[in-house]
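**Q** Handing you this structure, nothing more for now.
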Amino acid sequence: MRHKLLGIALAAMVWAMPGGAYYHFIHYTGRGTPYFPVPEKYDLPGLPNKTITFFVSDTGPAQFGANDSFPSVLSQVRQAAQVWNSVETSDLRVAFGGLYTAGVPQASPGAAVVFEDLPPGVLAYGGPTTRSTPVAGTNGLITPIMFSEVHLSLDFTQRPGPSYSEGFFLTVVHEMGHSLGLQHTFTSSAMSTAATRATSLSRPIDVDDIAGISLLYPNAKFGSQTGSIKGQVVWSQGSKRDQGVHMASVVAIRNGAAAISAMTNPDGTYRIDGVPPGQYFVYAHALPPTADIVSPEDPDGNPVAPDGAFDTLFYPGTKNVLQASNVGVAAGALSDKVNFAVKPRSSIPIYGVGLFSYFNQNTVAVKPAFLNLSSFSGKAIASGAGLGSNGKATDGLNVQIMGGAANLLPNGIYAYAANGTTYLELKVGFTLAASPGPQHLIFSQPDYLYVLPSGLNLVQKAPPSISAISNNGDGTVTVAGTGFASDSLIYFDGLPAAVRSMDVVNQTAIVAPPTGASAQNATAAIYNSDGQNSFFLQGNAPVTFSYDTTSAPFLTYSPSSLPAGSEAMVSITGTNTQFAQGATVAGFGSSDAYVRRLFVLDATHLLADVAIPAGASNTTTEVSAVSGFQIAAQPGGFQILPPAGTLPVTVPVLINAVAGQSGTYPGAIMSLFGANLVSGNAPPRVTFNNAPATLLYSSPTQINLQIPNGLLVGPAILRLNNGVENNLPVAVAIDPAPALIAAILNSAGASVNSNSAARPGDVITLALNGLADAGTVVATSRVRVNVGGVDFVPLAVTQVGNTGTYQVQFSLSDAVKSGLQPVIVYIDGRSSLQNAINIANP
């Protein structure tokens, strides 16, 4: 495993150095310039629904600390997968698939979480373990990842536990990023090592991570709202003067926001994509000795090593940030020629710096450091190579906080030694103009500077805490404490509780805890959006909640085997289970068995649409259903058989055949895809819950049909006979009827029609029936308006009185052509019926 040691997280308090930038695992097609990078990544066309599924070894850890458990570990893996799945500008989807049995052959690309004895001090590691030869991908040549692994310790009494902690969750997010194709970063984002990582459960990934994964797996949204910075880093003197510096890290940073970066190519060129609009300082720095970056490889597998050390410089070539020039970034624009000429040096004197703080008498370090603006001043502890030795600060060391919100007080650096390590206590004062958010620091010696992005967080209030949890006897509990906010999240181990009410006046919340495992002691915590949580104050003695003792859950399912190359519905029945919509995941223990969709019928019954690829390995796999913390599993209970030849195969994801329309609802014209849908001259027959569909077109791979009227919202069983054979039944989701655009009004409130056209600049109001259930508060982020092929983000979405009518307002631009144009409203991707609007565009 070439990446075996990538992503190692160190447990020691002496912080290890993070790796560099959003950098991928790269192979070069040539042995010299011009180099053409070929990244390692999953080949999306080869993945079902562009989804990679992480399975967790059913052996689990061997040892746990107090109030820790395997269900808690699974919950954190599930949450970490959701983090990477939520990146809107990435085309890759990431899922949690439940349990699997090690050693089961898998032919399809996959990913797993495994447990092993790790070397002392190593928290975890991860990355691609199996890859294929380069192929043509969607955006050029790629080296396909066939399998990746996240390795965790067998002993959770030491590391990286406890699994309910924020630190463990962020470790899994980090290692999962490696498994998807990302290397380390110097921006204090998720892909930084634990030394400088400044993310939190409330913000588990940052702009650098988003850019990194989106560059590997871009979709149409990537780059539409962000800009780019481009330039070159060259040597300023020596035998290589004016030649490019390979693998220099170039970072764009601005006050009060996260940093974003890129790595230089062998010729010194770089390009930072995915940069949010704004004014940035840009600096270039060399990789430190502990970068832990896997170098790119040439066609022979030889590493193309990074160049040596050099002085860190801010653009346009200064060590003084006060003399640095801003680089403006606009959406959709490129800021070019941000170049650097750097001076070589023999070594890197400062690296691996991290800041942390303590609260009250809690001995658990909080990292990054959090300081409360209401206190006017505060203390943070710094540690790292080059800051000091033997309890004394390095001669000439200076610490500067960028942005002007905070600064070091006079005599604000106090050095001391503990356990053989020198720490710096930094006394920080706040200016009157200080506002909350991340603060960047510069640690400098007379001839060198080191920039630490987001090393310090300024907040406006104290951390939250929990004083008591009382059971209300109705499936909810009351949580009391301090520091509650309207958007506080309350977690039990690794899962959020459903908030029923939040009383910020009396500092109580009524929540429904996730389904628990039998006799589970779950650790409760409050997380606020400013990054603080109750572990800051209660890390030594967190509050726990005890679940009742329940009988062991058990699963039965039918069918218990499927042939390769098939699509089928598997009915899963649970005993002593508590299946719930949105809380339950079912899996079949292999990347060769993909769950397209899961329907929760009730607490003991699931329907799973399962896809088995044609090249799947013939083997037995494990079936598992995870609901909250409850785990039901049947190892070796499911079998993948050889292909079934002429069996009709129906893909249960139907496509609306009308342009611009989406949704599968009674009366809709849909396209059904598959294989062997027609055999010979006999007409096929398709039914939904035994009601026949009207067929409009049929071929062996596609049938156009009309959904029968009278079907209820929810799963409907699709059956097909191709004239000779029956398909394996599948479940199709029947959607609600689409919303109706009942009226279109212009800025004056007049109806827009053939005699009264809308014009650019008009605020258009669309009145819709059936957009959402009456009383639902609809966020504008859920809604999109499309006029003549141009998308608009609504200004407002409001309900009209107590009716079921909603008004959607948007500002019309001149991007829409004149004339009668179609208008469609989408909510959560589901379309309204089409209407038309008359546009007068000069």
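If you're wondering about the labels, chains in the structure tokens are A, B, ... by order shown, residues count from 1 in each chain, ligands from 1 in order shown.
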Write out as a list in words the residues lying within 8 Å of range 133-143 of chain A, counting only C-alpha atoms and excluding same-chain residues fewer than 2 positions away.

**A**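 Surrounding residues, per the criterion: His27, Val38, Pro39, Glu40, Lys41, Asp43, Arg131 and Ile145 of chain A.
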
**Q** Would you give me, as number ranges by chain, the residues in range 154-374 of chain A that DSSP reads as strand (DSSP E)?

**A** A: 227-235, 249-253, 260-263, 269-275, 278-285, 313-314, 327-329, 334-335, 340-342, 351-356, 369-372

**Q** So that I can see what lies close to range 636-640 of chain A, please list as a list in words the residues with an atom at most 6 Å from it, counting only C-alpha atoms and leaving out residues fewer than 4 positions away in the same chain.

**A**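 Residues near the query, excluding close chain neighbours: Ser560, Ser561, Leu562, Pro563, Asn618, Thr619, Thr620, Thr621 and Glu622 of chain A.
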
**Q** Could the residues in this selection be saved with N, CA and C atoms as an mmCIF file, in the first residue's frame?

**A**
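What landed in selection.cif:
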data_model
loop_
_atom_site.group_PDB
_atom_site.id
_atom_site.type_symbol
_atom_site.label_atom_id
_atom_site.label_comp_id
_atom_site.auth_asym_id
_atom_site.auth_seq_id
_atom_site.Cartn_x
_atom_site.Cartn_y
_atom_site.Cartn_z
ATOM 1 N N SER A 560 -33.255 -13.548 -0.741
ATOM 2 C CA SER A 560 -31.967 -13.590 -0.047
ATOM 3 C C SER A 560 -30.804 -13.763 -1.013
ATOM 4 N N SER A 561 -31.099 -13.719 -2.307
ATOM 5 C CA SER A 561 -30.049 -13.795 -3.323
ATOM 6 C C SER A 561 -30.521 -13.052 -4.563
ATOM 7 N N LEU A 562 -29.553 -12.504 -5.304
ATOM 8 C CA LEU A 562 -29.845 -11.814 -6.555
ATOM 9 C C LEU A 562 -28.735 -12.123 -7.552
ATOM 10 N N PRO A 563 -29.079 -12.192 -8.842
ATOM 11 C CA PRO A 563 -28.037 -12.443 -9.843
ATOM 12 C C PRO A 563 -27.275 -11.171 -10.189
ATOM 13 N N ASN A 618 -19.313 -13.325 -7.373
ATOM 14 C CA ASN A 618 -20.276 -14.291 -6.838
ATOM 15 C C ASN A 618 -19.830 -14.696 -5.439
ATOM 16 N N THR A 619 -20.579 -14.270 -4.433
ATOM 17 C CA THR A 619 -20.157 -14.484 -3.050
ATOM 18 C C THR A 619 -21.334 -14.281 -2.121
ATOM 19 N N THR A 620 -21.088 -14.506 -0.843
ATOM 20 C CA THR A 620 -22.090 -14.195 0.180
ATOM 21 C C THR A 620 -21.649 -12.943 0.929
ATOM 22 N N THR A 621 -22.615 -12.123 1.312
ATOM 23 C CA THR A 621 -22.318 -10.859 1.973
ATOM 24 C C THR A 621 -23.175 -10.717 3.227
ATOM 25 N N GLU A 622 -22.896 -9.630 3.962
ATOM 26 C CA GLU A 622 -23.589 -9.355 5.214
ATOM 27 C C GLU A 622 -24.701 -8.340 4.982
#

**Q** Tell me, in Å to one decimal, how far CA of Gly429 in chain A is from CA of Leu441 in chain A.

**A**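 Separation of CA of Gly429 in chain A and CA of Leu441 in chain A: 13.8 Å.
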
**Q** I'd like the contact shell of Ser566 in chain A - 9 Å cut-off, only C-alpha atoms, skipping same-chain residues fewer than 3 positions apart - returned as a PyMOL selection string.

**A** chain A and resi 562-563+610-614+643-644+647-651+728

**Q** Just write the chosen residues, N, CA, C and O atoms, as a PDB file, in the first residue's frame.

**A**
ATOM      1  N   LEU A 562     -29.553 -12.504  -5.304  1.00  0.00           N
ATOM      2  CA  LEU A 562     -29.845 -11.814  -6.555  1.00  0.00           C
ATOM      3  C   LEU A 562     -28.735 -12.123  -7.552  1.00  0.00           C
ATOM      4  O   LEU A 562     -27.569 -12.247  -7.167  1.00  0.00           O
ATOM      5  N   PRO A 563     -29.079 -12.192  -8.842  1.00  0.00           N
ATOM      6  CA  PRO A 563     -28.037 -12.443  -9.843  1.00  0.00           C
ATOM      7  C   PRO A 563     -27.275 -11.171 -10.189  1.00  0.00           C
ATOM      8  O   PRO A 563     -27.791 -10.054 -10.065  1.00  0.00           O
ATOM      9  N   VAL A 610     -32.172  -2.639  -4.726  1.00  0.00           N
ATOM     10  CA  VAL A 610     -30.766  -3.045  -4.738  1.00  0.00           C
ATOM     11  C   VAL A 610     -30.316  -3.274  -6.179  1.00  0.00           C
ATOM     12  O   VAL A 610     -31.003  -3.950  -6.949  1.00  0.00           O
ATOM     13  N   ALA A 611     -29.166  -2.695  -6.530  1.00  0.00           N
ATOM     14  CA  ALA A 611     -28.573  -2.872  -7.852  1.00  0.00           C
ATOM     15  C   ALA A 611     -27.321  -3.714  -7.728  1.00  0.00           C
ATOM     16  O   ALA A 611     -26.432  -3.415  -6.919  1.00  0.00           O
ATOM     17  N   ILE A 612     -27.233  -4.775  -8.522  1.00  0.00           N
ATOM     18  CA  ILE A 612     -26.055  -5.647  -8.570  1.00  0.00           C
ATOM     19  C   ILE A 612     -25.419  -5.496  -9.951  1.00  0.00           C
ATOM     20  O   ILE A 612     -26.050  -5.825 -10.961  1.00  0.00           O
ATOM     21  N   PRO A 613     -24.180  -4.980 -10.064  1.00  0.00           N
ATOM     22  CA  PRO A 613     -23.570  -4.792 -11.388  1.00  0.00           C
ATOM     23  C   PRO A 613     -23.299  -6.126 -12.072  1.00  0.00           C
ATOM     24  O   PRO A 613     -23.163  -7.169 -11.422  1.00  0.00           O
ATOM     25  N   ALA A 614     -23.191  -6.055 -13.388  1.00  0.00           N
ATOM     26  CA  ALA A 614     -23.009  -7.280 -14.172  1.00  0.00           C
ATOM     27  C   ALA A 614     -21.717  -8.005 -13.827  1.00  0.00           C
ATOM     28  O   ALA A 614     -21.645  -9.241 -13.894  1.00  0.00           O
ATOM     29  N   PRO A 643     -24.899 -14.100 -13.484  1.00  0.00           N
ATOM     30  CA  PRO A 643     -25.944 -13.405 -14.250  1.00  0.00           C
ATOM     31  C   PRO A 643     -27.060 -14.348 -14.694  1.00  0.00           C
ATOM     32  O   PRO A 643     -26.846 -15.548 -14.885  1.00  0.00           O
ATOM     33  N   ALA A 644     -28.264 -13.750 -14.857  1.00  0.00           N
ATOM     34  CA  ALA A 644     -29.451 -14.559 -15.182  1.00  0.00           C
ATOM     35  C   ALA A 644     -29.835 -14.485 -16.646  1.00  0.00           C
ATOM     36  O   ALA A 644     -30.994 -14.745 -16.993  1.00  0.00           O
ATOM     37  N   LEU A 647     -33.160 -12.308 -18.305  1.00  0.00           N
ATOM     38  CA  LEU A 647     -34.087 -11.745 -17.316  1.00  0.00           C
ATOM     39  C   LEU A 647     -34.281 -10.251 -17.583  1.00  0.00           C
ATOM     40  O   LEU A 647     -33.315  -9.514 -17.712  1.00  0.00           O
ATOM     41  N   PRO A 648     -35.533  -9.757 -17.644  1.00  0.00           N
ATOM     42  CA  PRO A 648     -35.743  -8.310 -17.790  1.00  0.00           C
ATOM     43  C   PRO A 648     -35.217  -7.560 -16.560  1.00  0.00           C
ATOM     44  O   PRO A 648     -35.428  -7.992 -15.425  1.00  0.00           O
ATOM     45  N   VAL A 649     -34.540  -6.452 -16.801  1.00  0.00           N
ATOM     46  CA  VAL A 649     -33.969  -5.648 -15.725  1.00  0.00           C
ATOM     47  C   VAL A 649     -34.573  -4.246 -15.811  1.00  0.00           C
ATOM     48  O   VAL A 649     -34.473  -3.587 -16.852  1.00  0.00           O
ATOM     49  N   THR A 650     -35.199  -3.807 -14.722  1.00  0.00           N
ATOM     50  CA  THR A 650     -35.830  -2.483 -14.695  1.00  0.00           C
ATOM     51  C   THR A 650     -35.147  -1.607 -13.655  1.00  0.00           C
ATOM     52  O   THR A 650     -35.095  -1.952 -12.477  1.00  0.00           O
ATOM     53  N   VAL A 651     -34.621  -0.473 -14.091  1.00  0.00           N
ATOM     54  CA  VAL A 651     -33.994   0.483 -13.182  1.00  0.00           C
ATOM     55  C   VAL A 651     -35.109   1.291 -12.519  1.00  0.00           C
ATOM     56  O   VAL A 651     -35.918   1.918 -13.219  1.00  0.00           O
ATOM     57  N   LEU A 728     -37.628  -8.917 -11.901  1.00  0.00           N
ATOM     58  CA  LEU A 728     -37.637  -8.934 -10.445  1.00  0.00           C
ATOM     59  C   LEU A 728     -38.277  -7.621 -10.008  1.00  0.00           C
ATOM     60  O   LEU A 728     -37.816  -6.538 -10.400  1.00  0.00           O
TER      61      LEU A 728
END

**Q** Applying 8 Å and only C-alpha atoms, which residues near Val479 in chain A remain after dropping the ones on its own chain fewer than 3 positions away? List them as a list in words.

**A**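 Contacts, with the query itself left out: Ile466, Ser467, Ala468, Ile469, Ser470, Thr508, Ala509, Ile510 and Val511 of chain A.
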
**Q** For Thr556 in chain A, find every residue with an atom within 7 Å (counting only C-alpha atoms), except residues of its own chain fewer than 2 positions away, and show them as a list of chain:residue names.

**A**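 Contacts, in chain order: A:Ile572, A:Thr573, A:Gly574.
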
**Q** How would the residues just chosen look if you wrote them out with N, CA and C atoms as a tab-separated table (two decimals), in the first residue's frame?

**A**
chain	number	residue	atom	x	y	z
A	572	ILE	N	-37.27	-6.23	3.76
A	572	ILE	CA	-36.56	-6.53	5.00
A	572	ILE	C	-37.53	-6.37	6.16
A	573	THR	N	-37.65	-7.43	6.94
A	573	THR	CA	-38.51	-7.41	8.13
A	573	THR	C	-37.65	-7.50	9.37
A	574	GLY	N	-37.88	-6.60	10.30
A	574	GLY	CA	-37.12	-6.60	11.54
A	574	GLY	C	-37.94	-7.05	12.72

**Q** Name all residues at most 9 Å from Asn709 in chain A (count only C-alpha atoms; drop same-chain ones fewer than 5 positions away) and give them as a CSV table (one decimal) with N, CA, C and O atoms, in the first residue's frame.

**A**
chain,number,residue,atom,x,y,z
A,665,TYR,N,-45.3,11.1,-10.8
A,665,TYR,CA,-46.6,11.3,-10.1
A,665,TYR,C,-47.7,10.8,-11.1
A,665,TYR,O,-47.5,10.6,-12.3
A,666,PRO,N,-48.9,10.5,-10.5
A,666,PRO,CA,-50.0,10.0,-11.4
A,666,PRO,C,-50.3,10.9,-12.6
A,666,PRO,O,-50.4,12.1,-12.4
A,667,GLY,N,-50.3,10.3,-13.7
A,667,GLY,CA,-50.5,11.0,-15.0
A,667,GLY,C,-49.3,11.5,-15.7
A,667,GLY,O,-49.3,11.9,-16.8
A,691,ALA,N,-51.7,-1.8,-11.1
A,691,ALA,CA,-52.5,-1.0,-12.0
A,691,ALA,C,-51.7,-0.8,-13.3
A,691,ALA,O,-50.5,-0.4,-13.2

**Q** Taking only C-alpha atoms into account, name the residue in A:Thr805, A:Thr394, A:Thr59, A:Ser518 that is nearest to Asp548 in chain A.

**A**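 Between A:Thr805, A:Thr394, A:Thr59, A:Ser518, the residue approaching Asp548 in chain A most closely is A:Ser518.
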
**Q** Per residue of range 281-395 of chain A within 12 Å of range 164-168 of chain A, note the shortest atom pair and the distance in Å to one decimal, counting only C-alpha atoms, and order the rows by chain and increasing residue number, as CSV.

**A**
residue,atom,partner,partner_atom,distance
A:Val364,CA,A:Gly167,CA,11.5
A:Ala365,CA,A:Gly167,CA,11.1
A:Val366,CA,A:Gly167,CA,10.0
A:Lys367,CA,A:Gly167,CA,9.5
A:Pro368,CA,A:Gly167,CA,11.5

**Q** Please produce an output containing all heavy atoms for each residue in the selection, written as a PDB file, in the first residue's frame.

**A**
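File out-v5.pdb, as written:
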ATOM      1  N   VAL A 364      -9.017  19.544  29.563  1.00  0.00           N
ATOM      2  CA  VAL A 364      -9.045  19.161  28.157  1.00  0.00           C
ATOM      3  C   VAL A 364      -8.735  20.385  27.306  1.00  0.00           C
ATOM      4  O   VAL A 364      -9.415  21.410  27.389  1.00  0.00           O
ATOM      5  CB  VAL A 364     -10.418  18.579  27.772  1.00  0.00           C
ATOM      6  CG1 VAL A 364     -10.464  18.256  26.283  1.00  0.00           C
ATOM      7  CG2 VAL A 364     -10.715  17.331  28.589  1.00  0.00           C
ATOM      8  N   ALA A 365      -7.692  20.301  26.479  1.00  0.00           N
ATOM      9  CA  ALA A 365      -7.291  21.419  25.633  1.00  0.00           C
ATOM     10  C   ALA A 365      -8.302  21.620  24.515  1.00  0.00           C
ATOM     11  O   ALA A 365      -8.782  20.660  23.903  1.00  0.00           O
ATOM     12  CB  ALA A 365      -5.913  21.178  25.054  1.00  0.00           C
ATOM     13  N   VAL A 366      -8.629  22.869  24.243  1.00  0.00           N
ATOM     14  CA  VAL A 366      -9.536  23.232  23.158  1.00  0.00           C
ATOM     15  C   VAL A 366      -8.704  23.774  22.011  1.00  0.00           C
ATOM     16  O   VAL A 366      -7.905  24.697  22.188  1.00  0.00           O
ATOM     17  CB  VAL A 366     -10.553  24.290  23.621  1.00  0.00           C
ATOM     18  CG1 VAL A 366     -11.363  24.808  22.443  1.00  0.00           C
ATOM     19  CG2 VAL A 366     -11.463  23.716  24.693  1.00  0.00           C
ATOM     20  N   LYS A 367      -8.879  23.194  20.840  1.00  0.00           N
ATOM     21  CA  LYS A 367      -8.070  23.591  19.699  1.00  0.00           C
ATOM     22  C   LYS A 367      -8.917  23.654  18.447  1.00  0.00           C
ATOM     23  O   LYS A 367      -9.688  22.736  18.210  1.00  0.00           O
ATOM     24  CB  LYS A 367      -6.931  22.581  19.523  1.00  0.00           C
ATOM     25  CG  LYS A 367      -5.895  23.050  18.547  1.00  0.00           C
ATOM     26  CD  LYS A 367      -4.853  21.980  18.344  1.00  0.00           C
ATOM     27  CE  LYS A 367      -4.248  22.162  16.995  1.00  0.00           C
ATOM     28  NZ  LYS A 367      -5.198  22.202  15.925  1.00  0.00           N
ATOM     29  N   PRO A 368      -8.829  24.787  17.681  1.00  0.00           N
ATOM     30  CA  PRO A 368      -7.973  25.941  17.930  1.00  0.00           C
ATOM     31  C   PRO A 368      -8.420  26.701  19.172  1.00  0.00           C
ATOM     32  O   PRO A 368      -9.470  26.407  19.738  1.00  0.00           O
ATOM     33  CB  PRO A 368      -8.163  26.782  16.666  1.00  0.00           C
ATOM     34  CG  PRO A 368      -9.554  26.470  16.243  1.00  0.00           C
ATOM     35  CD  PRO A 368      -9.730  25.011  16.538  1.00  0.00           C
TER      36      PRO A 368
END

**Q** Would you work out the distance separating CA of Gln630 in chain A from CA of Gly516 in chain A, expressed in Å to one decimal?

**A**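 Taking CA of Gln630 in chain A and CA of Gly516 in chain A, their separation equals 5.7 Å.
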
**Q** Write out as number ranges by chain all residues of range 470-552 of chain A that DSSP puts in helix (DSSP H, G or I) for this structure's backbone.

**A** A: 535-538

**Q** When you draw a straight line from CA of Val233 in chain A to CA of Phe340 in chain A, how long is it in Å?

**A** 4.7 Å

**Q** Any chance you could tabulate, as CSV, the residues of range 92-185 of chain A at most 12 Å from range 256-267 of chain A with each one's nearest atom pair and distance in Å to one decimal, using only C-alpha atoms, in chain and rising number order?

**A**
residue,atom,partner,partner_atom,distance
A:Gln183,CA,A:Met263,CA,11.0
A:His184,CA,A:Met263,CA,10.8
A:Thr185,CA,A:Ser261,CA,7.9

**Q** Keeping only N, CA, C and O atoms, write those residues as a compact mmCIF listing (two decimals), in the first residue's frame.

**A**
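After the write, result_7.txt holds the following:
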# COMPACT_ATOMS: atom_id res chain seq x y z
N GLN A 183 -4.89 14.99 -0.43
CA GLN A 183 -3.73 14.98 0.46
C GLN A 183 -3.86 16.13 1.47
O GLN A 183 -4.92 16.74 1.60
N HIS A 184 -2.77 16.40 2.17
CA HIS A 184 -2.83 17.37 3.27
C HIS A 184 -2.88 18.81 2.78
O HIS A 184 -2.61 19.10 1.62
N THR A 185 -3.19 19.70 3.70
CA THR A 185 -3.30 21.12 3.42
C THR A 185 -2.60 21.92 4.51
O THR A 185 -2.44 21.43 5.63

**Q** Which is closer to Ser148 in chain A than all the others in A:Phe599, A:Pro438, A:Thr53, A:Phe96, using only C-alpha atoms?

**A**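 Smallest separation from Ser148 in chain A among the options: A:Thr53.
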